[in-house]
Amino acid sequence: MLKSKSKEGEGAKMAVTSSGKGTMWASERRSFQDRITGVTVTQLTDYCSHSFHIYFTNNGFYGEDNGKLLFGSDRGNVTNLYSMDLQDGVMTQLTDLERGRGSRIQGTFLHPKGYEAYFYYDRAIVAIDLQTLKERILYTVPSGYNFGSMSCTADGQWVCFGLNEDYSSRLHMDMSNGYTGFEQYFSAKPHCMIMAVSTTDGTVKQLHEDQLWLGHVNTSPTQPHLLTFCHEGPWEQIDHRIWVLDMETGSHWKVRDTLNNEYVGHEYWMADGIHIGYHGFTNSLSDHTGKIIGAVHYNNSDLEEYSFPFQNMHVHSNDLKLVVGDGQQSGAYHGQQLQDTLQLWRNDGSGFEGPRVLCKHRGSFHTQTLHVHPRLSPDRKHVLFTSDMSGYGNLYMVDVPEFESLPEIPLDGT
């Protein structure tokens with residue numbers, strides 16, 4: 001998928017003097033060894049603007065042998081969608097959007113066959129052919145509502161998405177920069193819907209509605225009739241976070257039902273499209289004790305859950321055998337701070353071993369596009385993440401070596 005070292009002068013003859021749809025950008029890759037572990041980290045982008053991979057629950061790898069990667073970049077003073085060839089690092093600008101028209105490039109979602117992608121722009125869901133770069137509008141958001149999030153069903157037939165009642169005249173909200181208005185919007189109990197639009201003929205149907213904040217619409221990667229969504233809001237105030245919806249029957253149900261003082265979330269589908277991963281707390285949300293991580297079958301059977309006494313903002317895995325997190329716990333290891341490292345955990349079915357330090361990420365998490373959001377590649381040989389360690393957000397890919405070769409972090413952080 002990824003050559004560990006870029007070629008000297010790679011793409012030097014492709015200097016870009018102007019940008020636009022179809023523009024080819026020279027490779028910006030460089031590789032270095034992490035200061036703690038010595039593993040190879042490849043910086044994929046290097047430009048004086050923010051670049052970022054798409055949301056961590058959305059797969060951005062596509063093409064033959066998953067050799068291409070979708071990402072967003074602000075170069076040219078406007079956010080556009082790009083594709084990178086992971087063999088040579090050359091990038092192609094896919095869209096030519098206008099600043100201030102309300103794009104959501106980070107939420108882009110790939111068609112399961114990888115020939116098309118869907119993104120939100122100028123109050124519309126847009127489909128783009130990744131070969132011809134031809135665009136078409138699938139759906140326009142109606143007045144009185146704002147777009148939530150979207151994903152494509154496993155058969156490629158439907159793009160499912162959320163619509164949230166527009167409270168902009170009553171509340172100041174900015175979810176991308178500090179979650180401004182988060183609790184106020186939750187308390188307002190807005191009318192929200194989960195919708196679906198056909199990728200072939202534009203047919204639209206309503207799947208679910210409620211008088212509360214619905215979010216995080218996420219389709220199963222293997223089961224075309226299933227999606228998860230959440231009751232959004234502060235974890236200690238919502239009734240329950242993780243829900244499954246059967247698009248064929250309209251029925252919906254809680255996943256990993258909770259008791260008092262239990263909180264689970266940050267849900268994502270495992271690669272099998274049957275199990276749902278999550279993490280959370282089984283005690284006080286304020287002191288972050290009783291942390292757990294687990295996965296459960298969408299019908300609430302086959303629960304696999306473990307104590308996970310580590311602090312992370314997000315974790316990701318293709319299954320529960322290998323998990324990556326963004327390392328938020330305090331403390332130091334051999335003089336290096338732990339709260340800005342990517343960390344790995346391995347599980348043989350009896351519990352998690354680790355964490356082992358993979359590399360420093362040094363991300364600020366200052367805005368949504370600067371969240372580190374580590375994601376394992378489909379073959380589990382690399383971890384993709386975003387970091388502004390250089391001042392600007394950039395994409396990085398780190399090799400995953402043998403687990404035993406990585407330094408282990410003592411639980412007391414010393």
# chains A, B, ... in the order shown; residues from 1 in each chain; ligands from 1

call {"tool": "residues_around", "arguments": {"residues": "Leu44 in chain A", "least_positions_apart": "3", "cutoff": "12 Å", "atoms": "only C-alpha atoms", "output": "ChimeraX atom specification"}}
result
/A:2-6,26-32,41,47,51-53,69-71,73,83-91,384-387,393-398

call {"tool": "atom_distance", "arguments": {"atom1": "CA of Gly290 in chain A", "atom2": "CA of Ser317 in chain A"}}
result
20.8 Å

call {"tool": "residues_around", "arguments": {"residues": "range 128-139 of chain A", "least_positions_apart": "3", "cutoff": "8 Å", "atoms": "only C-alpha atoms", "output": "ChimeraX atom specification"}}
result
/A:21-22,94-95,114-118,124-125,197-199,202

call {"tool": "select_by_dssp", "arguments": {"residues": "range 84-260 of chain A", "states": "strand (DSSP E or B)", "output": "MDAnalysis selection string"}}
result
chainID A and resid 84:85 91:93 104:110 116:121 124:129 135:140 145:152 158:165 174 180 192:198 204:210 214:219 226:231 242:246 252:254

call {"tool": "atom_distance", "arguments": {"atom1": "CA of Ile242 in chain A", "atom2": "CA of Cys230 in chain A"}}
result
4.9 Å

call {"tool": "residues_around", "arguments": {"residues": "range 184-186 of chain A", "least_positions_apart": "4", "cutoff": "9 Å", "atoms": "only C-alpha atoms", "output": "list of chain:residue names"}}
result
A:Tyr167, A:Leu171, A:Met173, A:Thr180, A:Pro190, A:Leu212, A:Trp213, A:Glu232, A:Gly233, A:Pro234, A:Ile238

call {"tool": "residues_around", "arguments": {"residues": "Cys152 in chain A", "least_positions_apart": "6", "cutoff": "7 Å", "atoms": "only C-alpha atoms", "output": "JSON, numbers by chain"}}
result
{"A": [109, 111, 158, 159, 160, 219]}

call {"tool": "select_by_dssp", "arguments": {"residues": "range 128-343 of chain A", "states": "alpha helix (DSSP H)", "output": "PyMOL selection string"}}
result
chain A and resi 182-187

call {"tool": "write_last_selection", "arguments": {"atoms": "all heavy atoms", "output": "compact mmCIF listing (two decimals), in the first residue's frame"}}
result
# COMPACT_ATOMS: atom_id res chain seq x y z
N PHE A 182 -23.30 23.07 22.07
CA PHE A 182 -23.56 21.62 22.12
C PHE A 182 -24.67 21.29 23.12
O PHE A 182 -25.68 20.65 22.78
CB PHE A 182 -22.27 20.90 22.49
CG PHE A 182 -22.37 19.40 22.54
CD1 PHE A 182 -22.38 18.65 21.37
CD2 PHE A 182 -22.43 18.74 23.75
CE1 PHE A 182 -22.45 17.27 21.41
CE2 PHE A 182 -22.50 17.36 23.81
CZ PHE A 182 -22.52 16.62 22.64
N GLU A 183 -24.52 21.70 24.37
CA GLU A 183 -25.51 21.39 25.40
C GLU A 183 -26.83 22.12 25.15
O GLU A 183 -27.91 21.57 25.40
CB GLU A 183 -24.96 21.72 26.78
CG GLU A 183 -23.80 20.83 27.20
CD GLU A 183 -23.45 20.97 28.67
OE1 GLU A 183 -24.31 21.43 29.45
OE2 GLU A 183 -22.32 20.62 29.04
N GLN A 184 -26.75 23.35 24.65
CA GLN A 184 -27.97 24.12 24.42
C GLN A 184 -28.83 23.48 23.33
O GLN A 184 -30.07 23.43 23.43
CB GLN A 184 -27.61 25.56 24.04
CG GLN A 184 -26.98 26.36 25.17
CD GLN A 184 -25.46 26.20 25.24
OE1 GLN A 184 -24.91 25.24 24.69
NE2 GLN A 184 -24.80 27.15 25.89
N TYR A 185 -28.18 22.99 22.25
CA TYR A 185 -28.95 22.37 21.17
C TYR A 185 -29.57 21.06 21.66
O TYR A 185 -30.73 20.75 21.34
CB TYR A 185 -28.04 22.11 19.97
CG TYR A 185 -28.80 21.70 18.72
CD1 TYR A 185 -29.62 22.61 18.06
CD2 TYR A 185 -28.69 20.42 18.21
CE1 TYR A 185 -30.33 22.23 16.91
CE2 TYR A 185 -29.38 20.04 17.07
CZ TYR A 185 -30.20 20.95 16.42
OH TYR A 185 -30.90 20.58 15.30
N PHE A 186 -28.84 20.29 22.43
CA PHE A 186 -29.39 19.07 23.01
C PHE A 186 -30.62 19.38 23.86
O PHE A 186 -31.66 18.72 23.74
CB PHE A 186 -28.31 18.38 23.86
CG PHE A 186 -28.86 17.44 24.89
CD1 PHE A 186 -29.34 16.19 24.55
CD2 PHE A 186 -28.92 17.83 26.23
CE1 PHE A 186 -29.87 15.34 25.50
CE2 PHE A 186 -29.43 16.98 27.21
CZ PHE A 186 -29.91 15.73 26.83
N SER A 187 -30.52 20.38 24.71
CA SER A 187 -31.62 20.73 25.62
C SER A 187 -32.85 21.23 24.87
O SER A 187 -33.98 21.11 25.36
CB SER A 187 -31.16 21.78 26.62
OG SER A 187 -30.09 21.30 27.42

call {"tool": "residues_around", "arguments": {"residues": "Thr282 in chain A", "least_positions_apart": "5", "cutoff": "10 Å", "atoms": "only C-alpha atoms", "output": "PyMOL selection string"}}
result
chain A and resi 258-264+288-292+307

call {"tool": "atom_distance", "arguments": {"atom1": "CA of His240 in chain A", "atom2": "CA of Val255 in chain A"}}
result
8.8 Å

call {"tool": "closest_residue", "arguments": {"among": "A:Glu236, A:Ala271, A:Ile293, A:Pro355", "to": "Arg256 in chain A", "atoms": "only C-alpha atoms"}}
result
A:Ile293

call {"tool": "closest_residue", "arguments": {"among": "A:Tyr278, A:Phe310, A:Trp269, A:Phe365", "to": "Thr57 in chain A", "atoms": "only C-alpha atoms"}}
result
A:Trp269

call {"tool": "residues_around", "arguments": {"residues": "Gln33 in chain A", "least_positions_apart": "6", "cutoff": "9 Å", "atoms": "only C-alpha atoms", "output": "list of chain:residue names"}}
result
A:Val39, A:Thr40, A:Val41, A:Thr42, A:Cys359

call {"tool": "closest_residue", "arguments": {"among": "A:Ala295, A:Met313, A:Leu376, A:Leu370", "to": "Leu344 in chain A", "atoms": "only C-alpha atoms"}}
result
A:Leu376
